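What follows is run_33.csv (CSV, C-alpha atoms).
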chain,number,residue,atom,x,y,z
W,1,MET,CA,13.5,-32.1,-0.6
W,2,ALA,CA,11.3,-32.7,2.4
W,3,LYS,CA,7.6,-32.3,2.1
W,4,LYS,CA,6.0,-29.4,4.0
W,5,GLN,CA,3.9,-30.5,6.9
W,6,TYR,CA,1.4,-27.7,6.6
W,7,ASP,CA,0.4,-25.3,3.7
W,8,ASN,CA,-0.5,-22.4,5.9
W,9,LEU,CA,3.0,-21.5,6.9
W,10,ILE,CA,5.2,-18.5,6.4
W,11,TYR,CA,9.0,-18.5,7.0
W,12,GLY,CA,11.9,-16.1,7.0
W,13,ARG,CA,12.5,-13.3,9.4
W,14,HIS,CA,11.0,-10.4,7.4
W,15,PRO,CA,7.8,-12.2,6.3
W,16,VAL,CA,7.2,-13.5,9.8
W,17,SER,CA,7.9,-10.1,11.3
W,18,GLU,CA,5.4,-8.4,8.9
W,19,TYR,CA,2.8,-11.0,9.5
W,20,LEU,CA,3.1,-10.7,13.3
W,21,LYS,CA,2.6,-6.9,13.1
W,22,GLU,CA,-0.4,-7.1,10.7
W,23,PHE,CA,-2.3,-10.2,11.8
W,24,PRO,CA,-1.6,-11.0,15.5
W,25,ASP,CA,-5.1,-12.6,15.7
W,26,ARG,CA,-4.2,-15.2,13.1
W,27,LEU,CA,-1.1,-16.7,14.7
W,28,GLU,CA,-1.2,-20.4,15.7
W,29,HIS,CA,2.4,-21.7,16.2
W,30,LEU,CA,5.9,-20.2,16.0
W,31,TRP,CA,8.9,-22.5,15.6
W,32,VAL,CA,12.3,-20.9,16.3
W,33,GLN,CA,15.7,-22.4,15.9
W,34,ALA,CA,16.9,-22.9,19.5
W,35,SER,CA,20.5,-21.9,18.8
W,36,LEU,CA,19.3,-18.5,17.5
W,37,SER,CA,16.5,-17.7,20.0
W,38,GLY,CA,18.7,-15.5,22.2
W,39,GLN,CA,19.4,-13.0,19.4
W,40,ASP,CA,17.6,-9.7,19.8
W,41,GLN,CA,15.6,-10.0,16.6
W,42,PHE,CA,14.3,-13.4,17.5
W,43,ARG,CA,13.6,-12.5,21.1
W,44,LEU,CA,11.3,-9.7,19.9
W,45,LEU,CA,9.4,-11.9,17.5
W,46,ILE,CA,9.0,-14.6,20.3
W,47,LYS,CA,7.7,-11.9,22.7
W,48,GLU,CA,5.2,-10.7,20.1
W,49,ALA,CA,4.0,-14.2,19.2
W,50,LYS,CA,3.5,-15.2,22.9
W,51,ALA,CA,1.6,-11.9,23.5
W,52,ALA,CA,-0.7,-12.8,20.7
W,53,GLY,CA,-1.4,-16.2,22.2
W,54,ALA,CA,0.6,-18.3,19.7
W,55,VAL,CA,2.4,-21.5,20.8
W,56,VAL,CA,6.2,-21.1,20.6
W,57,SER,CA,8.5,-24.0,20.2
W,58,PHE,CA,12.3,-24.0,20.2
W,59,VAL,CA,13.6,-26.7,17.8
W,60,ASP,CA,16.5,-28.0,15.9
W,61,ARG,CA,17.2,-26.7,12.4
W,62,THR,CA,16.2,-30.0,10.9
W,63,VAL,CA,12.7,-29.5,12.1
W,64,LEU,CA,12.5,-26.1,10.4
W,65,ASN,CA,13.9,-27.6,7.2
W,66,ARG,CA,11.1,-30.2,7.2
W,67,LEU,CA,8.4,-27.6,8.0
W,68,ALA,CA,9.6,-25.2,5.3
W,69,GLY,CA,10.1,-28.0,2.7
W,70,GLY,CA,13.7,-26.9,2.1
W,71,GLY,CA,12.8,-23.2,1.8
W,72,SER,CA,15.0,-20.5,3.2
W,73,HIS,CA,13.5,-20.2,6.7
W,74,GLN,CA,16.4,-18.2,8.4
W,75,GLY,CA,15.7,-20.0,11.6
W,76,ILE,CA,12.0,-19.2,12.0
W,77,VAL,CA,8.6,-20.6,10.8
W,78,LEU,CA,5.1,-19.4,11.6
W,79,ARG,CA,1.8,-21.3,11.2
W,80,PHE,CA,-1.2,-19.0,10.7
W,81,SER,CA,-4.9,-19.6,10.4
W,82,GLU,CA,-5.8,-20.0,6.7
W,83,CYS,CA,-6.5,-17.0,4.5
W,84,SER,CA,-10.0,-15.9,4.5
W,85,LEU,CA,-11.7,-16.5,1.2
W,86,GLN,CA,-14.9,-14.7,0.4
W,87,SER,CA,-17.5,-16.1,-2.0
W,88,PHE,CA,-18.1,-13.9,-5.0
W,89,GLN,CA,-21.7,-13.3,-4.1
W,90,ASP,CA,-21.0,-12.2,-0.6
W,91,TRP,CA,-18.2,-9.8,-1.7
W,92,GLN,CA,-20.3,-8.4,-4.5
W,93,LEU,CA,-23.1,-7.5,-2.2
W,94,LYS,CA,-20.8,-5.9,0.4
W,95,THR,CA,-18.7,-3.9,-2.0
W,96,ARG,CA,-21.0,-2.9,-4.9
W,97,ASP,CA,-20.8,0.8,-4.2
W,98,SER,CA,-17.1,1.0,-3.3
W,99,ARG,CA,-15.2,-1.0,-5.9
W,100,LYS,CA,-12.7,1.0,-8.0
W,101,LEU,CA,-10.0,-1.4,-8.9
W,102,VAL,CA,-10.1,-5.2,-8.9
W,103,ILE,CA,-7.8,-7.9,-10.2
W,104,ALA,CA,-9.0,-11.2,-11.8
W,105,LEU,CA,-6.5,-14.1,-12.2
W,106,ASP,CA,-7.4,-16.5,-15.0
W,107,GLU,CA,-5.8,-19.8,-14.0
W,108,ILE,CA,-2.5,-18.4,-12.6
W,109,GLN,CA,-0.6,-21.5,-11.5
W,110,ASP,CA,2.6,-20.4,-9.8
W,111,PRO,CA,2.2,-19.6,-6.1
W,112,GLN,CA,5.2,-17.2,-6.4
W,113,ASN,CA,3.2,-15.2,-9.0
W,114,LEU,CA,0.1,-15.2,-6.8
W,115,GLY,CA,2.1,-13.9,-3.8
W,116,SER,CA,4.0,-11.3,-5.8
W,117,ILE,CA,0.7,-10.0,-7.4
W,118,ALA,CA,-0.9,-9.9,-3.9
W,119,ARG,CA,2.0,-7.9,-2.6
W,120,THR,CA,1.6,-5.3,-5.3
W,121,ALA,CA,-2.2,-5.3,-4.9
W,122,ALA,CA,-1.8,-4.6,-1.2
W,123,ALA,CA,0.5,-1.7,-1.9
W,124,VAL,CA,-1.8,0.0,-4.4
W,125,PRO,CA,-4.2,-1.1,-2.9
W,126,VAL,CA,-6.9,-3.0,-4.9
W,127,ASP,CA,-10.4,-3.8,-3.7
W,128,GLY,CA,-10.2,-7.5,-4.3
W,129,ILE,CA,-8.5,-10.4,-6.2
W,130,LEU,CA,-10.8,-12.8,-8.0
W,131,VAL,CA,-9.5,-16.3,-8.2
W,132,PRO,CA,-11.2,-19.4,-9.7
W,133,LYS,CA,-12.0,-22.4,-7.5
W,134,ARG,CA,-10.3,-24.7,-9.9
W,135,HIS,CA,-7.0,-24.6,-11.9
W,136,GLY,CA,-5.5,-21.8,-9.8
W,137,SER,CA,-2.5,-21.5,-7.5
W,138,PRO,CA,-3.0,-22.8,-4.0
W,139,PHE,CA,-2.8,-20.3,-1.1
W,140,SER,CA,0.3,-22.0,0.2
W,141,SER,CA,3.3,-21.0,2.3
W,142,THR,CA,5.2,-20.3,-1.0
W,143,ALA,CA,2.6,-17.8,-2.0
W,144,MET,CA,2.5,-16.2,1.5
W,145,LYS,CA,6.3,-15.8,1.6
W,146,ALA,CA,6.3,-14.3,-1.9
W,147,SER,CA,3.7,-11.8,-0.7
W,148,ALA,CA,5.8,-10.9,2.4
W,149,GLY,CA,2.7,-11.7,4.5
W,150,THR,CA,0.4,-9.4,2.6
W,151,LEU,CA,-1.6,-12.2,1.0
W,152,ALA,CA,-3.8,-12.2,4.1
W,153,SER,CA,-4.5,-8.4,3.9
W,154,VAL,CA,-6.0,-8.4,0.4
W,155,PRO,CA,-9.7,-9.4,-0.1
W,156,LEU,CA,-9.5,-12.8,-1.8
W,157,ILE,CA,-12.7,-13.7,-3.7
W,158,ARG,CA,-13.3,-17.3,-4.8
W,159,THR,CA,-15.5,-17.7,-7.9
W,160,SER,CA,-16.7,-21.0,-9.4
W,161,ASN,CA,-17.1,-19.3,-12.8
W,162,LEU,CA,-14.8,-16.4,-13.6
W,163,ALA,CA,-16.4,-15.6,-16.9
W,164,GLN,CA,-19.8,-15.2,-15.3
W,165,SER,CA,-18.4,-13.2,-12.4
W,166,LEU,CA,-16.8,-10.8,-14.9
W,167,SER,CA,-20.1,-10.4,-16.7
W,168,SER,CA,-21.8,-9.7,-13.4
W,169,LEU,CA,-19.2,-7.0,-12.6
W,170,LYS,CA,-19.7,-5.5,-16.0
W,171,HIS,CA,-23.4,-5.3,-15.3
W,172,ASP,CA,-22.5,-3.4,-12.1
W,173,GLY,CA,-20.7,-0.8,-14.2
W,174,MET,CA,-17.1,-2.0,-14.0
W,175,TRP,CA,-14.9,-2.0,-17.1
W,176,ILE,CA,-13.3,-5.4,-17.8
W,177,VAL,CA,-9.8,-5.0,-19.2
W,178,GLY,CA,-7.7,-8.0,-20.2
W,179,ILE,CA,-3.9,-7.8,-20.4
W,180,SER,CA,-2.4,-9.8,-23.3
W,181,MET,CA,0.8,-9.4,-25.3
W,182,GLU,CA,-1.2,-10.3,-28.4
W,183,SER,CA,-3.1,-7.0,-28.3
W,184,SER,CA,-2.0,-4.0,-30.4
W,185,ARG,CA,-3.4,-1.5,-28.0
W,186,SER,CA,-1.0,-0.2,-25.4
W,187,VAL,CA,-1.8,0.3,-21.7
W,188,LEU,CA,-0.2,3.7,-22.1
W,189,GLU,CA,-3.3,4.6,-24.1
W,190,PHE,CA,-5.7,3.3,-21.5
W,191,HIS,CA,-8.1,5.8,-19.9
W,192,CYS,CA,-9.0,4.4,-16.5
W,193,ASP,CA,-11.4,6.8,-14.8
W,194,THR,CA,-14.1,4.0,-14.7
W,195,PRO,CA,-14.1,1.4,-12.0
W,196,THR,CA,-11.9,-1.3,-13.6
W,197,VAL,CA,-11.3,-5.1,-13.4
W,198,LEU,CA,-7.8,-6.1,-14.7
W,199,VAL,CA,-7.7,-9.6,-15.9
W,200,PHE,CA,-4.4,-11.5,-16.1
W,201,GLY,CA,-4.0,-14.9,-17.8
W,202,ASN,CA,-2.2,-18.1,-17.3
W,203,GLU,CA,1.6,-18.0,-17.3
W,204,ASN,CA,1.9,-20.1,-20.5
W,205,LYS,CA,-1.5,-19.9,-22.3
W,206,GLY,CA,-2.5,-16.3,-21.4
W,207,LEU,CA,-6.2,-15.5,-21.3
W,208,ARG,CA,-8.6,-18.2,-22.2
W,209,PRO,CA,-10.9,-17.5,-25.2
W,210,ILE,CA,-14.0,-17.4,-22.9
W,211,ILE,CA,-12.3,-14.8,-20.7
W,212,ARG,CA,-11.2,-12.7,-23.6
W,213,LYS,CA,-14.8,-12.7,-24.8
W,214,ALA,CA,-15.9,-11.4,-21.4
W,215,CYS,CA,-13.5,-8.4,-21.6
W,216,ASP,CA,-14.5,-5.0,-22.8
W,217,ASP,CA,-11.0,-4.2,-24.0
W,218,ILE,CA,-7.7,-6.0,-24.3
W,219,TYR,CA,-4.4,-4.1,-23.8
W,220,SER,CA,-0.7,-5.0,-23.9
W,221,ILE,CA,2.4,-3.6,-22.3
W,222,PRO,CA,4.7,-2.2,-24.9
W,223,LEU,CA,8.1,-3.8,-25.2
W,224,TRP,CA,11.0,-2.0,-26.9
W,225,GLY,CA,13.8,-4.5,-26.3
W,226,PRO,CA,14.5,-8.0,-27.4
W,227,SER,CA,12.3,-9.7,-24.7
W,228,GLY,CA,9.0,-10.9,-26.1
W,229,SER,CA,7.1,-11.2,-22.9
W,230,LEU,CA,7.0,-10.4,-19.2
W,231,ASN,CA,6.4,-12.5,-16.1
W,232,VAL,CA,2.7,-12.1,-15.1
W,233,SER,CA,3.5,-10.7,-11.7
W,234,VAL,CA,5.8,-8.0,-13.3
W,235,ALA,CA,3.1,-7.2,-15.8
W,236,ALA,CA,0.5,-6.8,-13.0
W,237,ALA,CA,2.8,-4.4,-11.2
W,238,ILE,CA,3.4,-2.3,-14.3
W,239,VAL,CA,-0.3,-2.0,-15.2
W,240,LEU,CA,-1.5,-1.4,-11.7
W,241,TYR,CA,1.0,1.5,-11.2
W,242,GLU,CA,0.2,2.9,-14.6
W,243,ILE,CA,-3.4,3.1,-13.6
W,244,VAL,CA,-2.6,4.7,-10.2
W,245,ARG,CA,-0.4,7.2,-11.9
W,246,LYS,CA,-3.1,8.2,-14.4
W,247,ARG,CA,-5.8,8.4,-11.7
W,248,LEU,CA,-3.6,10.6,-9.5
W,249,GLN,CA,-2.9,12.9,-12.5
W,250,SER,CA,-6.5,13.2,-13.3
W,251,SER,CA,-7.5,13.9,-9.7
W,252,GLY,CA,-4.8,16.5,-9.2

Translate the structure of the given file into structure tokens.
Amino acid sequence: MAKKQYDNLIYGRHPVSEYLKEFPDRLEHLWVQASLSGQDQFRLLIKEAKAAGAVVSFVDRTVLNRLAGGGSHQGIVLRFSECSLQSFQDWQLKTRDSRKLVIALDEIQDPQNLGSIARTAAAVPVDGILVPKRHGSPFSSTAMKASAGTLASVPLIRTSNLAQSLSSLKHDGMWIVGISMESSRSVLEFHCDTPTVLVFGNENKGLRPIIRKACDDIYSIPLWGPSGSLNVSVAAAIVLYEIVRKRLQSSG
């Protein structure tokens, strides 16, 4: 498989289209398969990219294969300016009075999971995603594609010490809730009127002990079938929508 030339790429017709609509100011270069450029759907994307000031190149499919690293590019690849990462301190100062729901990712490694979580977070939406500076998934083209372009729309907060950041948010009045299949307490019992930080752990190891200690509560997702666990991005979607459902009920 060919190595990607850039990390800050998104490819595939739908992800590129969504990104063009949402972030025209972040476009840098659009590559289009020359043999497909006359099709209506490609002509529109090319027009939008040029209007936004992006460089547009018409290339052979082999060039796109190299850029996408063998991914399913469907004849189109977009390079964008890198995701904007805020420092924890700056974000905390700006949003102290407006935070209601935040996600913290404790050493999530798979960029597919990062992208899928970001996509759900953008739909809810959440007020930020905390990610550690080390031992976390890169903000790569794989993550961006999995998020369908929404990774760039969610506030991403980089923290050098996740445990300390959680303690700081707790001091601000937020409830720190870890999600772990090892807990006997079900998220169905969770009362979530308080501003909340949801903490999701590593795909294999779960929450680290130091992070578990920083949590006010630990909840699990009940499983009634033979499966003993859920993918972390699926778990995040379930918990986020359970919280939204309860908050809507309590406000209605």

Q: Mind giving me the straight-line distance from atom CA of W:Ser87 to atom CA of W:Ala118 in Å, one decimal?
A: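 Calculated distance between atom CA of W:Ser87 and atom CA of W:Ala118 is 17.8 Å.
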
Q: Identify which of the residues W:Val177, W:Pro111, W:Ser72, W:Gly136 lies closest to W:Lys213, counting only C-alpha atoms when measuring atom-to-atom distances.
A: W:Val177

Q: List every protein, DNA or RNA residue with an atom no more than 10 Å from (-8.2, -12.1, -12.3) in the file's coordinates, counting all atoms listed in the file, and format the result as number ranges by chain.
A: W: 102-108, 128-132, 157, 162, 166, 178, 197-202, 207, 211

Q) Just how far from atom CA of W:Leu9 is atom CA of W:Arg119, in Å to one decimal? A)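 One can read the atom CA of W:Arg119 to atom CA of W:Leu9 distance as 16.6 Å.
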
Q | Nearby residues (all atoms listed in the file) at most 9 Å from W:Ile243, same-chain spacing under 4 positions excluded, as a VMD selection string | A | chain W and resid 187 190 to 193 238 to 239 247 to 248

Prev. selection, C-alpha atoms, output as an mmCIF file, in the coordinates of the input:
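What ended up in part-v4.cif:
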data_model
loop_
_atom_site.group_PDB
_atom_site.id
_atom_site.type_symbol
_atom_site.label_atom_id
_atom_site.label_comp_id
_atom_site.auth_asym_id
_atom_site.auth_seq_id
_atom_site.Cartn_x
_atom_site.Cartn_y
_atom_site.Cartn_z
ATOM 1 C CA VAL W 187 -1.800 0.300 -21.700
ATOM 2 C CA PHE W 190 -5.700 3.300 -21.500
ATOM 3 C CA HIS W 191 -8.100 5.800 -19.900
ATOM 4 C CA CYS W 192 -9.000 4.400 -16.500
ATOM 5 C CA ASP W 193 -11.400 6.800 -14.800
ATOM 6 C CA ILE W 238 3.400 -2.300 -14.300
ATOM 7 C CA VAL W 239 -0.300 -2.000 -15.200
ATOM 8 C CA ARG W 247 -5.800 8.400 -11.700
ATOM 9 C CA LEU W 248 -3.600 10.600 -9.500
#

With the input short on atoms, add N, CA and C atoms back to stretch 136-160 of chain W and write it as a PDB file, keeping the file's coordinate frame.
ATOM      1  N   GLY W 136      -6.258 -22.953 -10.252  1.00  0.00           N
ATOM      2  CA  GLY W 136      -5.500 -21.800  -9.800  1.00  0.00           C
ATOM      3  C   GLY W 136      -4.454 -22.168  -8.793  1.00  0.00           C
ATOM      4  N   SER W 137      -3.554 -21.254  -8.509  1.00  0.00           N
ATOM      5  CA  SER W 137      -2.500 -21.500  -7.500  1.00  0.00           C
ATOM      6  C   SER W 137      -3.084 -21.688  -6.143  1.00  0.00           C
ATOM      7  N   PRO W 138      -2.547 -22.622  -5.360  1.00  0.00           N
ATOM      8  CA  PRO W 138      -3.000 -22.800  -4.000  1.00  0.00           C
ATOM      9  C   PRO W 138      -2.480 -21.594  -3.124  1.00  0.00           C
ATOM     10  N   PHE W 139      -3.189 -21.319  -2.034  1.00  0.00           N
ATOM     11  CA  PHE W 139      -2.800 -20.300  -1.100  1.00  0.00           C
ATOM     12  C   PHE W 139      -1.808 -20.895  -0.101  1.00  0.00           C
ATOM     13  N   SER W 140      -0.624 -21.208  -0.580  1.00  0.00           N
ATOM     14  CA  SER W 140       0.300 -22.000   0.200  1.00  0.00           C
ATOM     15  C   SER W 140       1.364 -21.103   0.869  1.00  0.00           C
ATOM     16  N   SER W 141       2.271 -21.747   1.611  1.00  0.00           N
ATOM     17  CA  SER W 141       3.300 -21.000   2.300  1.00  0.00           C
ATOM     18  C   SER W 141       4.240 -20.315   1.262  1.00  0.00           C
ATOM     19  N   THR W 142       4.399 -20.914   0.078  1.00  0.00           N
ATOM     20  CA  THR W 142       5.200 -20.300  -1.000  1.00  0.00           C
ATOM     21  C   THR W 142       4.573 -18.979  -1.419  1.00  0.00           C
ATOM     22  N   ALA W 143       3.265 -19.000  -1.622  1.00  0.00           N
ATOM     23  CA  ALA W 143       2.600 -17.800  -2.000  1.00  0.00           C
ATOM     24  C   ALA W 143       2.618 -16.728  -0.906  1.00  0.00           C
ATOM     25  N   MET W 144       2.453 -17.181   0.336  1.00  0.00           N
ATOM     26  CA  MET W 144       2.500 -16.200   1.500  1.00  0.00           C
ATOM     27  C   MET W 144       3.864 -15.609   1.601  1.00  0.00           C
ATOM     28  N   LYS W 145       4.916 -16.392   1.449  1.00  0.00           N
ATOM     29  CA  LYS W 145       6.300 -15.800   1.600  1.00  0.00           C
ATOM     30  C   LYS W 145       6.533 -14.851   0.447  1.00  0.00           C
ATOM     31  N   ALA W 146       6.109 -15.179  -0.779  1.00  0.00           N
ATOM     32  CA  ALA W 146       6.300 -14.300  -1.900  1.00  0.00           C
ATOM     33  C   ALA W 146       5.567 -12.966  -1.726  1.00  0.00           C
ATOM     34  N   SER W 147       4.474 -13.012  -0.963  1.00  0.00           N
ATOM     35  CA  SER W 147       3.700 -11.800  -0.700  1.00  0.00           C
ATOM     36  C   SER W 147       4.209 -11.017   0.486  1.00  0.00           C
ATOM     37  N   ALA W 148       5.246 -11.537   1.157  1.00  0.00           N
ATOM     38  CA  ALA W 148       5.800 -10.900   2.400  1.00  0.00           C
ATOM     39  C   ALA W 148       4.688 -10.769   3.445  1.00  0.00           C
ATOM     40  N   GLY W 149       3.767 -11.720   3.475  1.00  0.00           N
ATOM     41  CA  GLY W 149       2.700 -11.700   4.500  1.00  0.00           C
ATOM     42  C   GLY W 149       1.472 -10.921   4.072  1.00  0.00           C
ATOM     43  N   THR W 150       1.502 -10.215   2.943  1.00  0.00           N
ATOM     44  CA  THR W 150       0.400  -9.400   2.600  1.00  0.00           C
ATOM     45  C   THR W 150      -0.770 -10.114   1.930  1.00  0.00           C
ATOM     46  N   LEU W 151      -0.563 -11.376   1.594  1.00  0.00           N
ATOM     47  CA  LEU W 151      -1.600 -12.200   1.000  1.00  0.00           C
ATOM     48  C   LEU W 151      -2.868 -12.180   1.872  1.00  0.00           C
ATOM     49  N   ALA W 152      -2.648 -12.140   3.164  1.00  0.00           N
ATOM     50  CA  ALA W 152      -3.800 -12.200   4.100  1.00  0.00           C
ATOM     51  C   ALA W 152      -4.468 -10.839   4.247  1.00  0.00           C
ATOM     52  N   SER W 153      -3.908  -9.773   3.693  1.00  0.00           N
ATOM     53  CA  SER W 153      -4.500  -8.400   3.900  1.00  0.00           C
ATOM     54  C   SER W 153      -5.332  -7.998   2.667  1.00  0.00           C
ATOM     55  N   VAL W 154      -5.265  -8.744   1.567  1.00  0.00           N
ATOM     56  CA  VAL W 154      -6.000  -8.400   0.400  1.00  0.00           C
ATOM     57  C   VAL W 154      -7.282  -9.201   0.300  1.00  0.00           C
ATOM     58  N   PRO W 155      -8.434  -8.591   0.026  1.00  0.00           N
ATOM     59  CA  PRO W 155      -9.700  -9.400  -0.100  1.00  0.00           C
ATOM     60  C   PRO W 155      -9.518 -10.418  -1.225  1.00  0.00           C
ATOM     61  N   LEU W 156      -9.629 -11.686  -0.873  1.00  0.00           N
ATOM     62  CA  LEU W 156      -9.500 -12.800  -1.800  1.00  0.00           C
ATOM     63  C   LEU W 156     -10.926 -13.323  -2.094  1.00  0.00           C
ATOM     64  N   ILE W 157     -11.321 -13.326  -3.357  1.00  0.00           N
ATOM     65  CA  ILE W 157     -12.700 -13.700  -3.700  1.00  0.00           C
ATOM     66  C   ILE W 157     -12.652 -14.958  -4.562  1.00  0.00           C
ATOM     67  N   ARG W 158     -13.282 -15.997  -4.083  1.00  0.00           N
ATOM     68  CA  ARG W 158     -13.300 -17.300  -4.800  1.00  0.00           C
ATOM     69  C   ARG W 158     -14.566 -17.315  -5.681  1.00  0.00           C
ATOM     70  N   THR W 159     -14.368 -17.641  -6.948  1.00  0.00           N
ATOM     71  CA  THR W 159     -15.500 -17.700  -7.900  1.00  0.00           C
ATOM     72  C   THR W 159     -15.478 -19.080  -8.577  1.00  0.00           C
ATOM     73  N   SER W 160     -16.652 -19.680  -8.723  1.00  0.00           N
ATOM     74  CA  SER W 160     -16.700 -21.000  -9.400  1.00  0.00           C
ATOM     75  C   SER W 160     -16.777 -20.801 -10.915  1.00  0.00           C
TER      76      SER W 160
END
